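Accompanying notes for the structure given below.
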Amino acid sequence: MASQSALTVLKDAAKETLNVAASMSSQLQSLEQQLDDKDVQDATIFVSIVNYRDGEGQFTLKDLLEKAANQDRVRIGYCLQYDAAQDSDFVNAHYASLYQQKGKNIRALFMPHREARGPMYARWLVQKRLFQNEKYYLQVDCHMRFIRNWDSILIQQYQACRDKKAVITTYPNGYDSSYVKELKQFTSIEDWDGTDKVSVQTLENRSSLLCAEKFGNDGFLRLRSKQFQSFPSQPVASSFYAAGFNFSLSTVIQDCANRTGLRTGSELKCLFFGEESLMALRLFSHGYNFYAPTRAICYHLWNRSNVLRKGVWRELFEDDSIKAEMTALEQNSKSAVQAILNGEVDGSAYGIGKERTLQQYEKLCGVSFKAKKMSDEAMYGGINEKEREAIFAEFQQNKLMDLISSFQT
């Protein structure tokens with residue numbers, strides 16, 4: 001009887017211990033959830049946007065702020081490169097009123113367009129001069145539209161990765177289909193409200209995964225995105241990085257910055273193709289990992305020849321007074337990046353870290369930058385052949401076309 005009583009006591013004590021442990025675990029989970037919720041609601045976000053003579057920039061800023069769940073936590077670093085004499089009334093037609101209302105949200109850097117030296121250099125200027133230690137970092141292009149509550153949703157996506165060094169990134173879907181048609185009715189910038197002309201609810205809301213496509217004649221890798229068949233339950237591990245849409249902790253700015261003090265010209269002026277491969281290696285070498293979001297977060301205007309664009313930065317290569325300088329800077333930057341990606345230099349002066357190597361990144365993404373070769377899996381973002389049909393929309397579309405064809409025979 002005594003032993004039975006002792007056993008009962010031990011059982012009751014064990015049960016009580018489990019109850020206490022469960023309670024503590026529940027409390028810890030509750031606290032963790034509260035911390036997560038507080039982040040989702042209030043954590044600051046620095047948004048980098050660079051613009052070269054594009055009237056869409058002012059509408060991108062407006063849409064970004066209007067669609068945020070919490071505007072107060074959003075800080076935009078905006079670099080506008082423009083011709084003050086010819087462009088000001090156009091690219092800033094709506095900016096003044098926006099700044100009057102939302103000035104606390106916007107830090108701006110205005111540059112003469114002839115001083116522009118490519119998007120990567122402009123992004124470096126934004127990080128160096130306008131960033132003020134916000135918690136999160138979002139980098140987007142200047143011709144974008146956003147879903148409502150994009151800020152909270154992006155932080156939720158980041159948290160869902162369960163990876164402190166997660167980078168949410170992909171090529172956004174376009175809003176060209178409806179907007180380009182609307183632009184045919186364009187008469188004046190003063191009467192144009194680009195935010196009202198795009199209804200993201202009517203656009204494709206499935207996300208996509210970045211995939212290797214080919215090497216260009218310049219020797220740099222080109223990417224494409226393949227759309228998901230449905231909505232993944234969690235962000236999907238990815239191998240590549242998109243310069244026009246990426247979200248992470250702002251630690252990427254410090255970890256992956258150019259080491260300009262170590263080498264003159266390491267800000268990589270006049271580089272375009274090559275930026276995404278270099279940034280992918282930079283981030284990977286510092287321990288960061290890439291993920292595709294589970295749904296579309298923002299939309300991109302891919303059409304480059306529209307009435308709102310007063311010019312593109314490559315036009316500066318036709319300016320005889322700076323053509324030689326531009327060409328030399330571009331060649332120097334290309335050569336530096338090729339040497340890094342080919343494994344000929346360690347790249348530390350250009351922000352390459354020590355946590356992981358180029359060889360490890362090539363193994364992850366299935367690409368040999370020096371040999372200019374890629375695996376079959378690289379062309380599907382690392383998804384093996386057996387899983388592709390269930391993941392990518394193109395296989396379901398092919399099935400549909402085969403079915404339609406079968407009715408025609």
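If you're wondering about the labels, chains in the structure tokens are A, B, ... by order shown, residues count from 1 in each chain, ligands from 1 in order shown.
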Fill in: alpha helix (DSSP H) per DSSP on the backbone: members of stretch 184-352 of chain A, as a PyMOL selection string
chain A and resi 251-255+275-285+323-341
For stretch 59-170 of chain A versus stretch 178-189 of chain A, which residues have an atom no more than 12 Å away, and what is each residue's nearest atom pair and distance in Å rounded to one decimal, using only C-alpha atoms, chain-then-number order, as a Markdown table?
| residue | atom | partner | partner_atom | distance |
| --- | --- | --- | --- | --- |
| A:Phe59 | CA | A:Ile189 | CA | 11.0 |
| A:Asp87 | CA | A:Ile189 | CA | 11.3 |
| A:Ser88 | CA | A:Ile189 | CA | 11.4 |
| A:Asp89 | CA | A:Ile189 | CA | 8.6 |
| A:Phe90 | CA | A:Ile189 | CA | 6.3 |
| A:Val91 | CA | A:Ile189 | CA | 8.5 |
| A:Asn92 | CA | A:Ile189 | CA | 9.4 |
| A:Ala93 | CA | A:Ile189 | CA | 6.7 |
| A:His94 | CA | A:Ile189 | CA | 8.4 |
| A:Tyr95 | CA | A:Ile189 | CA | 11.5 |
| A:His143 | CA | A:Tyr179 | CA | 11.4 |
| A:Met144 | CA | A:Tyr179 | CA | 11.5 |
| A:Arg145 | CA | A:Tyr179 | CA | 11.0 |
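Here the question is which of A:Trp124, A:Phe245, A:Phe110, A:Trp150 gets nearest to A:Gln71 using only C-alpha atoms, and that residue is A:Trp150.
Proximity of A:Gly103, A:Gln132, A:His113, A:Cys79 to A:Ile45, computed with only C-alpha atoms, is greatest for A:Gln132.
Interatomic distance, atom CA of A:Asp72 to atom CA of A:Ser152: 12.5 Å.
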Near-A:His286 list (10 Å; only C-alpha atoms; drop same-chain fewer than 2 positions) as an mmCIF file with C-alpha atoms, in the first residue's frame:
data_model
loop_
_atom_site.group_PDB
_atom_site.id
_atom_site.type_symbol
_atom_site.label_atom_id
_atom_site.label_comp_id
_atom_site.auth_asym_id
_atom_site.auth_seq_id
_atom_site.Cartn_x
_atom_site.Cartn_y
_atom_site.Cartn_z
ATOM 1 C CA LYS A 165 18.832 35.633 -42.265
ATOM 2 C CA VAL A 252 22.089 43.190 -44.960
ATOM 3 C CA ASP A 255 26.908 42.946 -43.670
ATOM 4 C CA CYS A 256 26.967 43.210 -47.434
ATOM 5 C CA LEU A 281 26.897 35.721 -53.609
ATOM 6 C CA ARG A 282 27.393 38.597 -51.170
ATOM 7 C CA LEU A 283 24.315 37.663 -49.177
ATOM 8 C CA PHE A 284 24.950 33.917 -49.315
ATOM 9 C CA TYR A 288 21.692 34.798 -45.795
ATOM 10 C CA ASN A 289 19.172 32.502 -47.500
ATOM 11 C CA GLY A 351 31.407 42.865 -49.746
ATOM 12 C CA ILE A 352 31.957 39.104 -50.129
ATOM 13 C CA GLY A 353 31.858 37.421 -46.712
ATOM 14 C CA LYS A 354 33.588 34.485 -45.067
ATOM 15 C CA GLU A 355 30.722 32.345 -43.750
ATOM 16 C CA ARG A 356 30.174 30.477 -47.015
ATOM 17 C CA THR A 357 32.095 30.241 -50.268
#
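Closest approach to A:Lys372 among A:Thr44, A:Asn217, A:Gln331, A:Thr170 is made by A:Asn217 (distances from only C-alpha atoms).
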Item to complete: Report as a ChimeraX atom specification: the residues of stretch 156-306 of chain A with a DSSP assignment of strand (DSSP E), based on the backbone of this structure.
Response: /A:166-169,173-174,208-215,221-227,236-238,245-249,289-292,298-300
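Of the residues listed (A:Gln229, A:Gln86, A:Ser248, A:Thr195), A:Ser248 shows the shortest atom-to-atom separation from A:Glu134; distances use only C-alpha atoms.
You can rank A:Asp42, A:Asp176, A:Glu344, A:Asp54 by their closest distance to A:His300 using only C-alpha atoms, and at the top of that list sits A:Asp176.
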A:Tyr99 surroundings by only C-alpha atoms, 10 Å radius, close-in-sequence under 6 positions cut, as a JSON list (two decimals) with all heavy atoms, in the first residue's frame:
[["chain", "number", "residue", "atom", "x", "y", "z"],
["A", 58, "GLN", "N", 6.76, 58.93, -58.41],
["A", 58, "GLN", "CA", 5.88, 59.62, -57.45],
["A", 58, "GLN", "C", 4.63, 58.80, -57.13],
["A", 58, "GLN", "O", 4.13, 58.82, -56.00],
["A", 58, "GLN", "CB", 5.49, 60.99, -58.01],
["A", 58, "GLN", "CG", 4.85, 60.96, -59.38],
["A", 58, "GLN", "CD", 5.00, 62.28, -60.13],
["A", 58, "GLN", "OE1", 4.88, 63.35, -59.55],
["A", 58, "GLN", "NE2", 5.25, 62.20, -61.44],
["A", 61, "LEU", "N", 5.67, 55.89, -54.74],
["A", 61, "LEU", "CA", 5.76, 56.35, -53.36],
["A", 61, "LEU", "C", 4.37, 56.49, -52.74],
["A", 61, "LEU", "O", 4.14, 56.04, -51.60],
["A", 61, "LEU", "CB", 6.47, 57.71, -53.30],
["A", 61, "LEU", "CG", 7.98, 57.70, -53.08],
["A", 61, "LEU", "CD1", 8.70, 56.96, -54.20],
["A", 61, "LEU", "CD2", 8.53, 59.12, -52.97],
["A", 62, "LYS", "N", 3.46, 57.08, -53.49],
["A", 62, "LYS", "CA", 2.11, 57.29, -52.98],
["A", 62, "LYS", "C", 1.42, 55.96, -52.70],
["A", 62, "LYS", "O", 0.81, 55.77, -51.64],
["A", 62, "LYS", "CB", 1.30, 58.11, -53.98],
["A", 62, "LYS", "CG", -0.12, 58.41, -53.51],
["A", 62, "LYS", "CD", -0.89, 59.18, -54.58],
["A", 62, "LYS", "CE", -2.34, 59.42, -54.12],
["A", 62, "LYS", "NZ", -3.16, 60.05, -55.19],
["A", 105, "ASN", "N", 7.83, 60.55, -43.76],
["A", 105, "ASN", "CA", 8.08, 59.19, -44.25],
["A", 105, "ASN", "C", 9.12, 59.14, -45.36],
["A", 105, "ASN", "O", 9.51, 58.05, -45.79],
["A", 105, "ASN", "CB", 6.79, 58.56, -44.79],
["A", 105, "ASN", "CG", 5.70, 58.46, -43.74],
["A", 105, "ASN", "OD1", 4.85, 59.33, -43.62],
["A", 105, "ASN", "ND2", 5.73, 57.38, -42.97],
["A", 106, "ILE", "N", 9.53, 60.30, -45.87],
["A", 106, "ILE", "CA", 10.36, 60.32, -47.07],
["A", 106, "ILE", "C", 11.68, 61.05, -46.82],
["A", 106, "ILE", "O", 11.69, 62.19, -46.35],
["A", 106, "ILE", "CB", 9.62, 60.99, -48.24],
["A", 106, "ILE", "CG1", 8.28, 60.30, -48.51],
["A", 106, "ILE", "CG2", 10.49, 60.98, -49.51],
["A", 106, "ILE", "CD1", 7.39, 61.04, -49.48],
["A", 107, "ARG", "N", 12.78, 60.39, -47.12],
["A", 107, "ARG", "CA", 14.10, 61.03, -47.16],
["A", 107, "ARG", "C", 14.56, 60.99, -48.60],
["A", 107, "ARG", "O", 14.67, 59.91, -49.18],
["A", 107, "ARG", "CB", 15.09, 60.27, -46.26],
["A", 107, "ARG", "CG", 14.64, 60.17, -44.82],
["A", 107, "ARG", "CD", 15.53, 59.20, -44.04],
["A", 107, "ARG", "NE", 14.87, 58.82, -42.79],
["A", 107, "ARG", "CZ", 15.00, 57.63, -42.23],
["A", 107, "ARG", "NH1", 15.74, 56.69, -42.79],
["A", 107, "ARG", "NH2", 14.36, 57.37, -41.10],
["A", 108, "ALA", "N", 14.82, 62.13, -49.16],
["A", 108, "ALA", "CA", 15.08, 62.20, -50.60],
["A", 108, "ALA", "C", 16.48, 62.69, -50.90],
["A", 108, "ALA", "O", 17.04, 63.53, -50.19],
["A", 108, "ALA", "CB", 14.05, 63.09, -51.27]]
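Distances from A:Arg314, A:Arg222, A:Lys128, A:Arg123 to A:Leu268 were compared using only C-alpha atoms, and the smallest one belongs to A:Arg123.
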